[in-house]
Structure formats: structure tokens, C-alpha cells
>>> print(open('my_file_21.cif').read())   # mmCIF, C-alpha atoms
data_work
loop_
_atom_site.label_atom_id
_atom_site.label_comp_id
_atom_site.auth_asym_id
_atom_site.auth_seq_id
_atom_site.Cartn_x
_atom_site.Cartn_y
_atom_site.Cartn_z
CA MET O 1272 21.70 96.56 90.16
CA PRO O 1273 20.81 96.00 86.49
CA ARG O 1274 21.42 98.86 84.07
CA GLY O 1275 18.39 101.11 83.74
CA VAL O 1276 16.78 100.04 87.03
CA ILE O 1277 16.06 102.89 89.44
CA ASP O 1278 16.88 102.18 93.10
CA ILE O 1279 13.78 103.87 94.56
CA GLU O 1280 14.43 102.43 98.03
CA GLY O 1281 17.97 103.81 98.03
CA ILE O 1282 16.78 107.21 96.81
CA GLN O 1283 14.15 107.34 99.54
CA SER O 1284 16.52 106.36 102.37
CA ALA O 1285 16.91 108.79 105.26
CA GLU O 1286 20.46 109.65 104.20
CA MET O 1287 19.40 110.48 100.63
CA GLN O 1288 16.36 112.45 101.80
CA ALA O 1289 18.53 114.46 104.22
CA LEU O 1290 20.80 115.42 101.30
CA LYS O 1291 17.85 116.32 99.08
CA ASN O 1292 16.21 118.39 101.84
CA GLN O 1293 19.29 120.53 102.49
CA VAL O 1294 17.98 124.11 102.59
CA THR O 1295 19.70 127.14 101.05
CA PRO O 1296 19.70 130.10 103.47
CA GLY O 1297 17.20 132.79 102.52
CA ASP O 1298 19.54 135.63 103.49
CA MET O 1299 22.38 134.98 101.05
CA PRO O 1300 24.23 138.24 100.28
CA PHE O 1301 24.69 137.23 96.62
CA ASN O 1302 22.99 135.10 93.97
CA ILE O 1303 25.08 132.91 91.64
CA THR O 1304 23.23 132.89 88.30
CA LYS O 1305 25.25 130.40 86.23
CA ILE O 1306 28.46 128.40 86.07
CA GLY O 1307 30.72 130.84 84.27
CA HIS O 1308 33.59 128.82 82.84
CA VAL O 1309 35.70 125.70 83.23
CA VAL O 1310 39.48 125.58 82.78
CA LEU O 1311 40.98 122.22 81.82
CA ARG O 1312 44.58 121.05 81.63
CA CYS O 1313 45.62 119.32 78.41
CA THR O 1314 48.60 117.33 77.14
CA ASP O 1315 48.56 118.56 73.52
CA MET O 1316 47.27 122.12 73.12
CA VAL O 1317 47.06 121.97 69.31
CA ALA O 1318 45.05 118.72 69.31
CA SER O 1319 42.72 119.96 72.06
CA VAL O 1320 42.05 123.35 70.45
CA LYS O 1321 41.39 121.57 67.15
CA PHE O 1322 38.88 119.28 68.91
CA TYR O 1323 37.01 122.07 70.70
CA THR O 1324 36.83 124.27 67.58
CA GLU O 1325 36.39 121.78 64.74
CA VAL O 1326 34.37 119.07 66.53
CA LEU O 1327 32.40 121.09 69.14
CA GLY O 1328 32.23 124.48 67.41
CA PHE O 1329 33.86 126.70 70.05
CA ARG O 1330 35.58 129.90 68.90
CA VAL O 1331 38.97 131.08 70.19
CA SER O 1332 38.84 134.45 71.96
CA ASP O 1333 42.39 134.88 73.27
CA VAL O 1334 45.68 133.07 73.83
CA TYR O 1335 48.33 133.48 76.54
CA PRO O 1336 51.95 132.53 75.71
CA ASP O 1337 54.24 130.58 78.05
CA SER O 1338 55.58 133.90 79.35
CA MET O 1339 52.14 134.61 80.84
CA ILE O 1340 51.27 131.11 82.07
CA ASP O 1341 53.29 127.89 81.98
CA GLY O 1342 51.96 125.66 79.22
CA LYS O 1343 50.12 128.48 77.39
CA MET O 1344 46.40 129.15 77.78
CA VAL O 1345 43.62 129.31 75.18
CA PHE O 1346 40.27 130.97 75.94
CA MET O 1347 37.27 129.71 73.92
CA ARG O 1348 33.63 130.77 73.73
CA CYS O 1349 30.34 129.16 72.69
CA ASN O 1350 28.14 132.23 73.23
CA ASN O 1351 28.82 135.94 73.85
CA ASP O 1352 30.79 135.31 77.05
CA HIS O 1353 34.50 135.82 76.38
CA HIS O 1354 35.16 132.24 77.44
CA GLY O 1355 33.20 129.25 78.66
CA VAL O 1356 36.08 126.78 78.36
CA ALA O 1357 39.77 127.52 78.65
CA LEU O 1358 42.68 125.14 78.19
CA VAL O 1359 46.04 125.23 79.95
CA GLY O 1360 48.82 123.10 78.45
CA GLY O 1361 51.53 121.14 80.19
CA ALA O 1362 49.50 118.26 81.61
CA THR O 1363 51.79 115.24 82.00
CA HIS O 1364 49.07 112.63 81.39
CA LYS O 1365 45.47 112.39 80.27
CA SER O 1366 42.65 113.03 82.71
CA GLU O 1367 41.75 110.25 85.14
CA ASN O 1368 38.42 111.97 85.99
CA ILE O 1369 39.39 112.08 89.66
CA GLU O 1370 38.07 115.56 90.53
CA LEU O 1371 35.98 116.54 87.50
CA HIS O 1372 33.45 113.87 86.56
CA HIS O 1373 32.06 115.51 83.42
CA MET O 1374 31.14 118.80 81.79
CA ALA O 1375 27.93 119.34 79.82
CA PHE O 1376 26.98 121.70 77.00
CA GLU O 1377 23.34 122.59 76.32
CA VAL O 1378 21.86 122.93 72.83
CA ASP O 1379 18.52 124.54 71.91
CA SER O 1380 16.77 121.56 70.33
CA LEU O 1381 16.52 117.80 70.34
CA ASP O 1382 17.33 117.87 66.61
CA GLU O 1383 20.73 119.34 67.51
CA VAL O 1384 21.46 116.43 69.86
CA MET O 1385 20.69 114.07 66.97
CA ARG O 1386 22.96 116.06 64.64
CA ALA O 1387 25.67 116.14 67.31
CA ARG O 1388 25.67 112.32 67.40
CA GLU O 1389 26.06 112.20 63.63
CA HIS O 1390 28.82 114.84 63.73
CA LEU O 1391 30.75 113.05 66.48
CA ASN O 1392 30.55 109.78 64.54
CA LYS O 1393 31.81 111.55 61.42
CA HIS O 1394 34.84 112.75 63.42
CA ASN O 1395 35.46 109.25 64.83
CA VAL O 1396 34.69 110.38 68.38
CA GLU O 1397 33.64 107.38 70.47
CA ILE O 1398 30.22 107.92 72.03
CA LEU O 1399 30.15 106.55 75.58
CA PHE O 1400 26.45 107.11 76.19
CA GLU O 1401 23.41 108.24 74.26
CA GLY O 1402 19.84 108.47 75.43
CA ARG O 1403 18.19 109.87 78.55
CA ARG O 1404 19.71 110.04 81.99
CA ARG O 1405 17.57 109.77 85.12
CA ALA O 1406 17.42 112.86 87.38
CA GLY O 1407 16.80 115.91 85.20
CA VAL O 1408 15.62 113.68 82.30
CA GLN O 1409 17.82 115.43 79.72
CA ILE O 1410 18.51 113.67 76.42
CA ALA O 1411 22.22 113.56 75.66
CA VAL O 1412 25.26 112.17 73.94
CA GLU O 1413 28.42 111.72 76.03
CA PHE O 1414 32.00 111.34 74.82
CA LEU O 1415 35.65 112.14 75.65
CA ASP O 1416 37.88 114.98 74.49
CA PRO O 1417 41.49 114.22 73.45
CA ASP O 1418 42.64 114.31 77.09
CA GLY O 1419 39.93 112.01 78.39
CA HIS O 1420 37.65 114.67 79.89
CA TRP O 1421 34.08 113.34 79.85
CA LEU O 1422 31.78 115.72 77.92
CA GLU O 1423 28.04 115.83 77.31
CA ILE O 1424 25.84 117.61 74.75
CA PHE O 1425 22.25 117.74 76.02
CA TRP O 1426 18.75 119.10 75.57
CA GLY O 1427 15.58 118.98 77.67
CA LEU O 1428 16.88 119.38 81.21
CA ASP O 1429 13.99 119.87 83.66
CA GLN O 1430 13.57 123.45 84.86
CA VAL O 1431 12.84 123.74 88.59
CA GLY O 1432 11.80 127.02 90.19
CA PRO O 1433 13.25 128.27 93.50
CA THR O 1434 10.39 126.88 95.58
CA ASP O 1435 9.41 123.96 93.31
CA LYS O 1436 10.20 120.30 93.89
CA ALA O 1437 12.11 118.29 91.30
CA ARG O 1438 10.38 115.57 89.31
CA PRO O 1439 9.90 112.42 91.46
CA PRO O 1440 12.09 109.39 90.61
CA GLU O 1441 8.98 107.48 89.49
CA GLN O 1442 8.89 109.83 86.46
CA TRP O 1443 12.50 109.31 85.42
CA VAL O 1444 12.68 107.41 82.12
CA GLU O 1445 16.24 106.22 81.51
CA GLU O 1446 16.99 105.09 77.95
CA PHE O 1447 20.16 103.96 76.20
CA SER O 1448 19.63 105.27 72.67
CA LEU O 1449 18.38 108.58 71.32
CA GLU O 1450 15.64 106.77 69.45
CA ASP O 1451 14.38 105.04 72.61
CA ALA O 1452 14.54 108.35 74.51
CA ILE O 1453 12.36 109.94 71.83
CA ASP O 1454 9.90 107.03 71.83
CA SER O 1455 9.39 107.01 75.61
CA ALA O 1456 9.23 110.57 76.88
CA PRO O 1457 8.58 111.31 80.56
CA VAL O 1458 5.61 113.43 81.60
CA GLY O 1459 5.89 116.94 80.15
CA GLN O 1460 8.81 116.39 77.78
CA ASP O 1461 7.95 116.87 74.08
CA THR O 1462 10.36 114.76 72.03
CA THR O 1463 8.92 115.63 68.61
CA LEU O 1464 11.71 116.20 66.10
CA ALA O 1465 11.50 119.07 63.62
CA ASP O 1466 13.36 116.79 61.20
CA PRO O 1467 12.27 113.13 61.68
CA SER O 1468 14.84 112.02 59.05
CA LEU O 1469 17.47 112.37 61.82
CA LEU O 1470 16.23 109.09 63.36
CA LYS O 1471 18.31 105.99 62.64
CA ASP O 1472 16.55 103.42 60.46
#
>>> encode(input="my_file_21.cif", output="C-alpha cells")
Amino acid sequence: MPRGVIDIEGIQSAEMQALKNQVTPGDMPFNITKIGHVVLRCTDMVASVKFYTEVLGFRVSDVYPDSMIDGKMVFMRCNNDHHGVALVGGATHKSENIELHHMAFEVDSLDEVMRAREHLNKHNVEILFEGRRRAGVQIAVEFLDPDGHWLEIFWGLDQVGPTDKARPPEQWVEEFSLEDAIDSAPVGQDTTLADPSLLKD
């Protein structure tokens, strides 16, 4: 199927609808409120910590030596939680993205996504995707960390209440540049930049 084309027939198949209609029990004895943290293995702890602090802006909270965990461990935060990402050294090769597909970090404004693109370029980080994905309609830049873990910085993810239905596929507006994502917003998404000078000429 051509890039950017939405397979509406496939999405509406009985198999896909059965997955989408899976119901969460109403009598759950607990309520998970967020994904707390992700721990990644890395091949070069120094290079990875440098990337997460100097390129992505994480702050180091704590460090375990080899005597506490083989390969050392570094805990890093992006908000007031002690850690959102932790790294464990000793990986023998870069990630092949077999189990973890990607990890995404939210920012508060579309302007920040634009500035993130500029910042990643300045640090010679290859951008693998920029624009708007389909389901969820968030605007994002996607790239790899030094070990090949696929990362995303995003803004504008649809919010869906407990009894609400997600946006229908007919309202997804996939785009392959930040500028195109801004120019063609889906219903209800305000893509006005506070600083229009962030747009590429």
C-alpha cells in the first residue's frame, strides 16, 4: 500500500473490530494511571548518558556501580519522578527493536517539537520520521539513540475519556513533514505556532 494511504477496509475488518472492541472489566481492583518508567540496556554507558542528558535534556538522579548490578545502572528523570528512563550497561550489541518498538516523550507545545527537530539536527541525530502519525494524530519527530532504540518526541496526542470512542480513521491526517502536519490539521487540532519563525522556509 502506498505511503500515507489509510487501509480503511483493513481497519474495519472483523478481526480489527474485535481487537478494538475488547472491553476492560469494570471491576478492576486497581487503576494504572501512567507508564512509570522504561529501563533500556546499552553498549556504551558514557555515550548513552551523554545522549539522554545533552541531546534530550534528562537529568541523572542516581547511579548503581557494578557491585550493585552488572553493567552499572543510571537513573534519569524528565519531571519530578525519580526516574522515567534508566540505563543498564553491558549490552553486547545494539538494539534490534525485537521486543520494544519505540518509546515516546511528550512535550507541552508544538513549538517544542519544532525546536526539538532543530536541536536533533544540530547534534547530527538522524531523523527517521517527522510529521503526523495516523491513530492518535500526534505531531512528532522520531530518531534513534546511540544503541538504536527508536525514540519519539511528540505533541497533540488525542485525549479519549473512559467511555469515549477514539477519532475515526477517516479523520486521521498522516503527513511526512512538520510543516505539512501544521498546514493540514485534523478536526479539533490547533496547529498554530506561538513562534512562526520555527517553520522551514
>>> closest_residue(input="my_file_21.cif", among="O:Arg1405, O:Cys1349, O:Val1359, O:Leu1470", to="O:Tyr1335", atoms="only C-alpha atoms")
O:Val1359
>>> residues_around(input="my_file_21.cif", residues="stretch 1308-1322 of chain O", least_positions_apart="4", cutoff="7 Å", atoms="all atoms listed in the file", output="ChimeraX atom specification")
/O:1326-1327,1354-1365,1417-1418
>>> resolve_selection(input="my_file_21.cif", expression="the PyMOL selection byres ((chain O and resi 1428) around 8)", output="list in words")
Gly1407, Val1408, Gln1409, Ile1410, Phe1425, Trp1426, Gly1427, Asp1429 and Gln1430 of chain O
>>> resolve_selection(input="my_file_21.cif", expression="the PyMOL selection byres ((chain O and resi 1396) around 12)", output="short mmCIF file (atom, residue, chain, number, x, y, z; two decimals) with C-alpha atoms, in the coordinates of the input")
data_model
loop_
_atom_site.label_atom_id
_atom_site.label_comp_id
_atom_site.auth_asym_id
_atom_site.auth_seq_id
_atom_site.Cartn_x
_atom_site.Cartn_y
_atom_site.Cartn_z
CA PHE O 1322 38.88 119.28 68.91
CA VAL O 1326 34.37 119.07 66.53
CA LEU O 1327 32.40 121.09 69.14
CA ALA O 1387 25.67 116.14 67.31
CA ARG O 1388 25.67 112.32 67.40
CA GLU O 1389 26.06 112.20 63.63
CA HIS O 1390 28.82 114.84 63.73
CA LEU O 1391 30.75 113.05 66.48
CA ASN O 1392 30.55 109.78 64.54
CA LYS O 1393 31.81 111.55 61.42
CA HIS O 1394 34.84 112.75 63.42
CA ASN O 1395 35.46 109.25 64.83
CA GLU O 1397 33.64 107.38 70.47
CA ILE O 1398 30.22 107.92 72.03
CA LEU O 1399 30.15 106.55 75.58
CA PHE O 1400 26.45 107.11 76.19
CA VAL O 1412 25.26 112.17 73.94
CA GLU O 1413 28.42 111.72 76.03
CA PHE O 1414 32.00 111.34 74.82
CA LEU O 1415 35.65 112.14 75.65
CA ASP O 1416 37.88 114.98 74.49
CA PRO O 1417 41.49 114.22 73.45
CA GLY O 1419 39.93 112.01 78.39
CA TRP O 1421 34.08 113.34 79.85
CA LEU O 1422 31.78 115.72 77.92
#
>>> closest_residue(input="my_file_21.cif", among="O:Trp1443, O:Lys1291, O:Glu1325, O:Pro1336", to="O:Asp1278", atoms="only C-alpha atoms")
O:Trp1443
>>> atom_distance(input="my_file_21.cif", atom1="atom CA of O:Gly1402", atom2="atom CA of O:Ala1437")
20.2 Å
